[in-house]
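Chemist: So here's structure18.tsv, just TSV, C-alpha atoms:
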```tsv
chain	number	residue	atom	x	y	z
A	1	MET	CA	7.84	-20.77	25.40
A	2	THR	CA	6.01	-17.54	24.67
A	3	ASP	CA	2.95	-16.67	26.69
A	4	VAL	CA	1.51	-13.84	24.60
A	5	LEU	CA	0.03	-14.16	21.12
A	6	VAL	CA	-0.15	-11.05	18.93
A	7	LEU	CA	-2.96	-11.69	16.46
A	8	ASP	CA	-2.98	-10.11	13.00
A	9	ALA	CA	-6.33	-9.61	11.22
A	10	SER	CA	-5.33	-11.90	8.33
A	11	ALA	CA	-4.79	-14.86	10.67
A	12	ALA	CA	-7.86	-14.07	12.76
A	13	VAL	CA	-10.17	-14.31	9.72
A	14	ASP	CA	-8.32	-16.99	7.73
A	15	ALA	CA	-8.67	-19.31	10.73
A	16	MET	CA	-12.38	-19.54	9.89
A	17	TRP	CA	-11.78	-20.85	6.37
A	18	ARG	CA	-13.45	-24.25	6.47
A	19	GLU	CA	-11.28	-25.68	3.71
A	20	ARG	CA	-8.37	-25.28	6.12
A	21	PRO	CA	-9.85	-26.67	9.36
A	22	HIS	CA	-6.37	-27.18	10.84
A	23	TRP	CA	-5.94	-23.39	10.86
A	24	GLY	CA	-8.94	-22.90	13.13
A	25	LEU	CA	-7.79	-25.67	15.43
A	26	ALA	CA	-4.33	-24.13	15.61
A	27	LEU	CA	-5.59	-20.67	16.49
A	28	ALA	CA	-8.04	-22.08	19.04
A	29	ALA	CA	-5.18	-23.94	20.71
A	30	LEU	CA	-2.89	-20.91	20.65
A	31	GLN	CA	-5.56	-18.66	22.15
A	32	GLY	CA	-6.35	-21.26	24.75
A	33	SER	CA	-2.77	-21.49	25.93
A	34	ARG	CA	-1.73	-17.84	26.09
A	35	ALA	CA	-3.05	-14.30	26.35
A	36	THR	CA	-4.00	-12.75	22.99
A	37	VAL	CA	-3.30	-9.08	22.28
A	38	ALA	CA	-3.53	-6.84	19.21
A	39	PRO	CA	-3.56	-3.15	18.38
A	40	SER	CA	-7.10	-1.72	18.45
A	41	LEU	CA	-6.71	-1.48	14.66
A	42	LEU	CA	-7.59	-5.20	14.61
A	43	ALA	CA	-11.20	-4.42	15.50
A	44	HIS	CA	-11.57	-1.94	12.61
A	45	GLU	CA	-9.98	-4.33	10.12
A	46	ILE	CA	-12.13	-7.27	11.19
A	47	ALA	CA	-15.29	-5.15	11.02
A	48	HIS	CA	-14.37	-3.90	7.54
A	49	ILE	CA	-13.60	-7.39	6.21
A	50	VAL	CA	-16.75	-8.98	7.63
A	51	HIS	CA	-19.26	-6.17	6.98
A	52	VAL	CA	-17.86	-4.67	3.78
A	53	LYS	CA	-14.99	-6.27	1.92
A	54	ARG	CA	-16.04	-9.93	2.19
A	55	ARG	CA	-19.65	-9.43	3.20
A	56	ARG	CA	-20.93	-12.18	0.89
A	57	ASP	CA	-18.81	-14.73	2.78
A	58	PHE	CA	-20.67	-13.98	5.99
A	59	ALA	CA	-24.31	-14.94	5.49
A	60	GLY	CA	-27.32	-13.60	7.32
A	61	SER	CA	-28.16	-10.19	8.66
A	62	THR	CA	-26.03	-7.28	9.80
A	63	GLU	CA	-26.61	-8.52	13.34
A	64	ASP	CA	-25.32	-11.97	12.34
A	65	ARG	CA	-22.16	-10.41	10.92
A	66	SER	CA	-21.66	-8.30	14.03
A	67	GLU	CA	-21.83	-11.56	16.01
A	68	VAL	CA	-18.95	-12.85	13.89
A	69	VAL	CA	-16.93	-9.72	14.61
A	70	ALA	CA	-17.64	-10.03	18.33
A	71	GLY	CA	-16.75	-13.71	18.25
A	72	ILE	CA	-13.41	-13.13	16.57
A	73	LEU	CA	-12.53	-10.39	19.03
A	74	ASP	CA	-13.65	-12.38	22.08
A	75	GLY	CA	-10.70	-12.85	24.40
A	76	VAL	CA	-8.43	-10.43	22.54
A	77	GLU	CA	-6.92	-7.58	24.55
A	78	LEU	CA	-7.00	-4.54	22.27
A	79	VAL	CA	-4.17	-2.06	22.81
A	80	GLU	CA	-5.34	1.53	22.35
A	81	VAL	CA	-2.95	3.92	20.65
A	82	ASP	CA	-1.56	6.94	22.49
A	83	VAL	CA	1.01	9.57	21.55
A	84	THR	CA	3.93	7.47	22.75
A	85	ILE	CA	2.77	4.45	20.77
A	86	ALA	CA	2.05	6.58	17.67
A	87	ARG	CA	5.62	7.95	17.74
A	88	ARG	CA	7.06	4.47	18.09
A	89	VAL	CA	4.85	3.07	15.31
A	90	GLY	CA	5.81	5.88	12.96
A	91	ALA	CA	9.52	5.33	13.53
A	92	LEU	CA	9.08	1.60	13.08
A	93	ALA	CA	7.21	2.07	9.80
A	94	GLU	CA	10.02	4.27	8.47
A	95	ALA	CA	12.79	1.95	9.63
A	96	GLU	CA	11.18	-1.17	8.18
A	97	ARG	CA	9.59	0.49	5.15
A	98	ILE	CA	6.19	-0.93	6.04
A	99	SER	CA	2.80	0.73	6.44
A	100	GLY	CA	1.87	2.31	9.74
A	101	TYR	CA	-0.85	-0.31	10.01
A	102	ASP	CA	1.64	-3.16	9.76
A	103	ALA	CA	3.91	-1.34	12.18
A	104	ALA	CA	1.10	-1.16	14.74
A	105	TYR	CA	1.08	-4.97	14.98
A	106	LEU	CA	4.86	-5.19	15.01
A	107	ASP	CA	5.04	-2.61	17.79
A	108	VAL	CA	2.69	-4.60	20.02
A	109	ALA	CA	4.80	-7.71	19.43
A	110	GLU	CA	8.05	-5.86	20.16
A	111	SER	CA	6.71	-4.27	23.32
A	112	ARG	CA	5.64	-7.63	24.81
A	113	GLU	CA	8.70	-9.60	25.78
A	114	GLY	CA	8.67	-13.10	24.36
A	115	SER	CA	5.46	-12.57	22.42
A	116	MET	CA	4.69	-14.39	19.18
A	117	LEU	CA	3.15	-12.71	16.13
A	118	LEU	CA	0.67	-14.76	14.09
A	119	THR	CA	0.10	-13.41	10.59
A	120	GLN	CA	-0.65	-14.68	7.11
A	121	ASP	CA	0.89	-11.63	5.50
A	122	GLY	CA	4.29	-12.11	3.87
A	123	ARG	CA	5.41	-8.49	4.05
A	124	LEU	CA	4.59	-8.11	7.75
A	125	ARG	CA	6.15	-11.47	8.46
A	126	ALA	CA	9.38	-10.55	6.69
A	127	ALA	CA	9.73	-7.37	8.75
A	128	ALA	CA	8.80	-9.17	11.95
A	129	VAL	CA	11.23	-12.04	11.39
A	130	GLY	CA	14.03	-9.49	11.03
A	131	ARG	CA	13.19	-7.87	14.34
A	132	LEU	CA	11.77	-10.70	16.44
A	133	GLY	CA	13.45	-13.75	14.93
A	134	PRO	CA	11.77	-16.59	12.99
A	135	ALA	CA	10.60	-18.48	16.08
A	136	ARG	CA	8.47	-15.54	17.19
A	137	CYS	CA	6.70	-14.88	13.90
A	138	ILE	CA	4.61	-17.63	12.36
A	139	ASP	CA	1.65	-18.19	10.04
A	140	LEU	CA	-1.29	-20.55	10.49
A	141	ASP	CA	0.45	-23.43	8.66
A	142	GLU	CA	3.39	-23.20	11.05
A	143	ALA	CA	1.00	-22.90	14.01
A	144	ALA	CA	-0.76	-26.08	12.86
A	145	SER	CA	2.59	-27.85	12.50
A	146	ARG	CA	3.58	-26.82	16.01
A	147	LEU	CA	0.23	-28.04	17.32
A	148	ALA	CA	0.74	-31.40	15.60
A	149	ARG	CA	4.18	-31.65	17.25
A	150	GLY	CA	2.67	-30.85	20.64
A	151	GLU	CA	4.50	-27.53	20.85
A	152	VAL	CA	1.43	-25.35	21.39
M	153	MET	CA	-17.22	-8.32	42.60
M	154	THR	CA	-15.14	-11.39	43.25
M	155	ALA	CA	-15.84	-14.91	44.48
M	156	ARG	CA	-13.54	-17.12	46.46
M	157	VAL	CA	-12.21	-20.28	44.80
M	158	GLN	CA	-10.63	-22.97	46.95
M	159	PHE	CA	-9.43	-26.49	46.63
M	160	ARG	CA	-7.47	-28.86	48.85
M	161	GLU	CA	-4.23	-30.62	47.95
M	162	ASP	CA	-2.18	-33.10	49.95
M	163	GLU	CA	0.55	-31.67	52.15
M	164	ALA	CA	3.40	-33.40	50.33
M	165	THR	CA	2.44	-31.79	47.04
M	166	VAL	CA	2.11	-28.35	48.60
M	167	ALA	CA	5.46	-28.82	50.34
M	168	PHE	CA	7.08	-29.88	47.07
M	169	VAL	CA	5.89	-26.73	45.32
M	170	ALA	CA	7.03	-24.57	48.24
M	171	SER	CA	10.44	-26.30	48.24
M	172	LEU	CA	10.95	-24.94	44.72
M	173	GLY	CA	10.62	-21.44	46.09
M	174	LEU	CA	7.15	-21.05	44.60
M	175	ASN	CA	3.99	-19.88	46.32
M	176	PRO	CA	1.50	-22.79	46.09
M	177	ASN	CA	-1.46	-20.40	46.06
M	178	GLU	CA	0.06	-18.46	43.16
M	179	VAL	CA	0.74	-21.69	41.28
M	180	ALA	CA	-2.88	-22.75	41.84
M	181	ARG	CA	-4.19	-19.37	40.73
M	182	GLU	CA	-2.12	-19.40	37.55
M	183	ALA	CA	-3.23	-22.94	36.74
M	184	PHE	CA	-6.86	-21.93	37.30
M	185	GLU	CA	-6.48	-18.92	35.02
M	186	ARG	CA	-4.88	-21.05	32.29
M	187	GLU	CA	-7.72	-23.56	32.45
M	188	VAL	CA	-10.37	-20.83	32.38
M	189	ARG	CA	-8.70	-19.29	29.31
M	190	ARG	CA	-8.60	-22.67	27.59
M	191	LEU	CA	-12.30	-23.29	28.32
M	192	ARG	CA	-13.27	-19.77	27.22
M	193	MET	CA	-11.43	-20.13	23.93
M	194	ARG	CA	-12.94	-23.57	23.34
M	195	ARG	CA	-16.42	-22.10	23.77
M	196	LYS	CA	-15.52	-19.14	21.54
M	197	TRP	CA	-14.41	-21.39	18.69
M	198	GLU	CA	-17.37	-23.73	19.08
M	199	LYS	CA	-19.64	-20.73	18.72
M	200	LEU	CA	-17.74	-19.34	15.71
M	201	ARG	CA	-17.93	-22.73	13.98
M	202	SER	CA	-21.71	-22.76	14.48
M	203	LEU	CA	-22.15	-19.49	12.58
M	204	ASP	CA	-22.91	-19.42	8.85
M	205	ILE	CA	-19.47	-18.46	7.58
M	206	ARG	CA	-18.53	-19.42	4.02
M	207	LEU	CA	-15.13	-17.90	3.53
M	208	THR	CA	-14.24	-18.42	-0.13
M	209	GLY	CA	-10.52	-17.91	0.30
M	210	SER	CA	-7.81	-16.24	2.32
M	211	VAL	CA	-8.36	-12.58	3.24
M	212	VAL	CA	-4.66	-11.80	3.26
M	213	ASP	CA	-4.76	-9.95	-0.08
M	214	ASP	CA	-7.83	-7.93	1.00
M	215	ILE	CA	-6.08	-6.79	4.14
M	216	ARG	CA	-2.87	-6.01	2.27
M	217	GLU	CA	-4.88	-3.88	-0.15
M	218	MET	CA	-6.57	-2.06	2.74
M	219	ARG	CA	-3.28	-1.30	4.45
M	220	ASP	CA	-1.56	-0.13	1.29
M	221	SER	CA	-4.41	2.00	-0.04
M	222	ARG	CA	-5.21	4.13	2.98
```
Could you rewrite the structure in this file as structure tokens?

Modeler:
Amino acid sequence: MTDVLVLDASAAVDAMWRERPHWGLALAALQGSRATVAPSLLAHEIAHIVHVKRRRDFAGSTEDRSEVVAGILDGVELVEVDVTIARRVGALAEAERISGYDAAYLDVAESREGSMLLTQDGRLRAAAVGRLGPARCIDLDEAASRLARGEV
Amino acid sequence: MTARVQFREDEATVAFVASLGLNPNEVAREAFEREVRRLRMRRKWEKLRSLDIRLTGSVVDDIREMRDSR
């Protein structure tokens, strides 16, 4: 049983897709049962998606959208980057041939023993499965399946 | 600033926990923290569901594009 959830931006936002209500339920259950952490990059990515990239999907005013950003980030421990982390992330990106942004999430997951990475992204998941093992890297469908089996 | 939280439990239960080599106060504290986290997250998701969010599809491709284009 892992007690830390590493949350990728893709899963954090996709969980609010109302056509997939089981995704939101799964993430709510995961966050309710373990600490949630992410690189501080998560905050920038969420803000960009909500305020810029997918702005039309988030109705209302700028203030309304900032409430969405705050809501998504509520309860998430954001890990600030320092020189040591930047060196590790760079090496990880090279070794796995992934972007530094993907590596930032993978680094947080690797540095927390027994953590589980939740992502919708296939490329990040492939790299993470290789390093963490399949049980520690899941997407929202798998999270929902685990919830249905009472494993969350 | 902190506030004290206390509750009483019967002696047999406390003794059982202690017999496992565990500190009953630590076990109680961890259980309290777990429950608070669960309640916090329930409130968070109730609030998010009340907001006017009309996601038209997964954002995974948008995020992939962001990460690959920077």

Chemist: Find the distance between atom CA of Leu78 of chain A and atom CA of Thr36 of chain A and write it in Å to one decimal.

Modeler: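 Distance between the two atoms: 8.8 Å.
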
Chemist: Considering all atoms listed in the file, can you say which of A:Ser40, A:Thr62, A:Ser10, A:Ser33 comes closest to Ala183 of chain M?

Modeler: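 The closest residue to Ala183 of chain M is A:Ser33.
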
Chemist: Can you list, as a VMD selection string, every protein, DNA or RNA residue that comes within 12 Å of segment 159-164 of chain M when you count all atoms listed in the file, leaving out same-chain residues fewer than 2 positions away?

Modeler: chain M and resid 156 to 157 166 to 171 176 to 177 180 to 181 184

Chemist: Counting all atoms listed in the file, which residues of chain A come no farther than 7 Å from chain M, as an mmCIF file with C-alpha atoms, keeping the file's coordinate frame?

Modeler:
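Dumped to part-v3.cif:
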```
data_model
loop_
_atom_site.group_PDB
_atom_site.id
_atom_site.type_symbol
_atom_site.label_atom_id
_atom_site.label_comp_id
_atom_site.auth_asym_id
_atom_site.auth_seq_id
_atom_site.Cartn_x
_atom_site.Cartn_y
_atom_site.Cartn_z
ATOM 1 C CA SER A 10 -5.330 -11.900 8.330
ATOM 2 C CA VAL A 13 -10.170 -14.310 9.720
ATOM 3 C CA ASP A 14 -8.320 -16.990 7.730
ATOM 4 C CA TRP A 17 -11.780 -20.850 6.370
ATOM 5 C CA ALA A 28 -8.040 -22.080 19.040
ATOM 6 C CA GLN A 31 -5.560 -18.660 22.150
ATOM 7 C CA GLY A 32 -6.350 -21.260 24.750
ATOM 8 C CA SER A 33 -2.770 -21.490 25.930
ATOM 9 C CA ASP A 57 -18.810 -14.730 2.780
ATOM 10 C CA PHE A 58 -20.670 -13.980 5.990
ATOM 11 C CA ALA A 59 -24.310 -14.940 5.490
ATOM 12 C CA VAL A 68 -18.950 -12.850 13.890
ATOM 13 C CA GLY A 71 -16.750 -13.710 18.250
ATOM 14 C CA SER A 99 2.800 0.730 6.440
ATOM 15 C CA TYR A 101 -0.850 -0.310 10.010
ATOM 16 C CA GLN A 120 -0.650 -14.680 7.110
ATOM 17 C CA ASP A 121 0.890 -11.630 5.500
#
```

Chemist: Work out how far atom CA of Arg56 of chain A is from atom CA of Ser202 of chain M, in Å to one decimal.

Modeler: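 Separating atom CA of Ser202 of chain M from atom CA of Arg56 of chain A is a distance of 17.2 Å.
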
Chemist: For each of A:Gly100, A:Gly75, A:Gly60, A:Gly150, take the minimum atom-to-atom distance to Leu124 of chain A, counting all atoms listed in the file, then give the residue where this is smallest.

Modeler: A:Gly100

Chemist: Step by step: start from the point (-0.9, -13.4, 20.3) in the file's coordinates, keep every protein, DNA or RNA residue that has an atom no farther than 8 Å from it, count only C-alpha atoms, and write the set as a PyMOL selection string.

Modeler: chain A and resi 4-7+30-31+34-38+115-118

Chemist: Any chance you could export the current selection's C-alpha atoms as a PDB file, in the coordinates of the input?

Modeler:
```pdb
ATOM      1  CA  VAL A   4       1.510 -13.840  24.600  1.00  0.00           C
ATOM      2  CA  LEU A   5       0.030 -14.160  21.120  1.00  0.00           C
ATOM      3  CA  VAL A   6      -0.150 -11.050  18.930  1.00  0.00           C
ATOM      4  CA  LEU A   7      -2.960 -11.690  16.460  1.00  0.00           C
ATOM      5  CA  LEU A  30      -2.890 -20.910  20.650  1.00  0.00           C
ATOM      6  CA  GLN A  31      -5.560 -18.660  22.150  1.00  0.00           C
ATOM      7  CA  ARG A  34      -1.730 -17.840  26.090  1.00  0.00           C
ATOM      8  CA  ALA A  35      -3.050 -14.300  26.350  1.00  0.00           C
ATOM      9  CA  THR A  36      -4.000 -12.750  22.990  1.00  0.00           C
ATOM     10  CA  VAL A  37      -3.300  -9.080  22.280  1.00  0.00           C
ATOM     11  CA  ALA A  38      -3.530  -6.840  19.210  1.00  0.00           C
ATOM     12  CA  SER A 115       5.460 -12.570  22.420  1.00  0.00           C
ATOM     13  CA  MET A 116       4.690 -14.390  19.180  1.00  0.00           C
ATOM     14  CA  LEU A 117       3.150 -12.710  16.130  1.00  0.00           C
ATOM     15  CA  LEU A 118       0.670 -14.760  14.090  1.00  0.00           C
TER      16      LEU A 118
END
```

Chemist: Take atom CA of Ser145 of chain A and atom CA of Val179 of chain M and report the distance between them in Å, one decimal.

Modeler: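 These atoms are spaced 29.5 Å apart.
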
Chemist: Rank A:Ile85, A:Pro39, A:Glu94, A:Leu140 by their smallest atom-to-atom distance to Met16 of chain A, using only C-alpha atoms, and report the top residue only.

Modeler: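 Looking only at the distances to Met16 of chain A, the closest residue turns out to be A:Leu140.
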
Chemist: Padding of 3 Å on every side, edges along x, y and z, all listed atoms of segment 36-44 of chain A included: what centre and edge lengths in Å, to one decimal, does that box have, as AutoDock Vina command-line options?

Modeler:
```
--center_x -7.4 --center_y -7.1 --center_z 17.8 --size_x 14.3 --size_y 17.3 --size_z 16.4
```
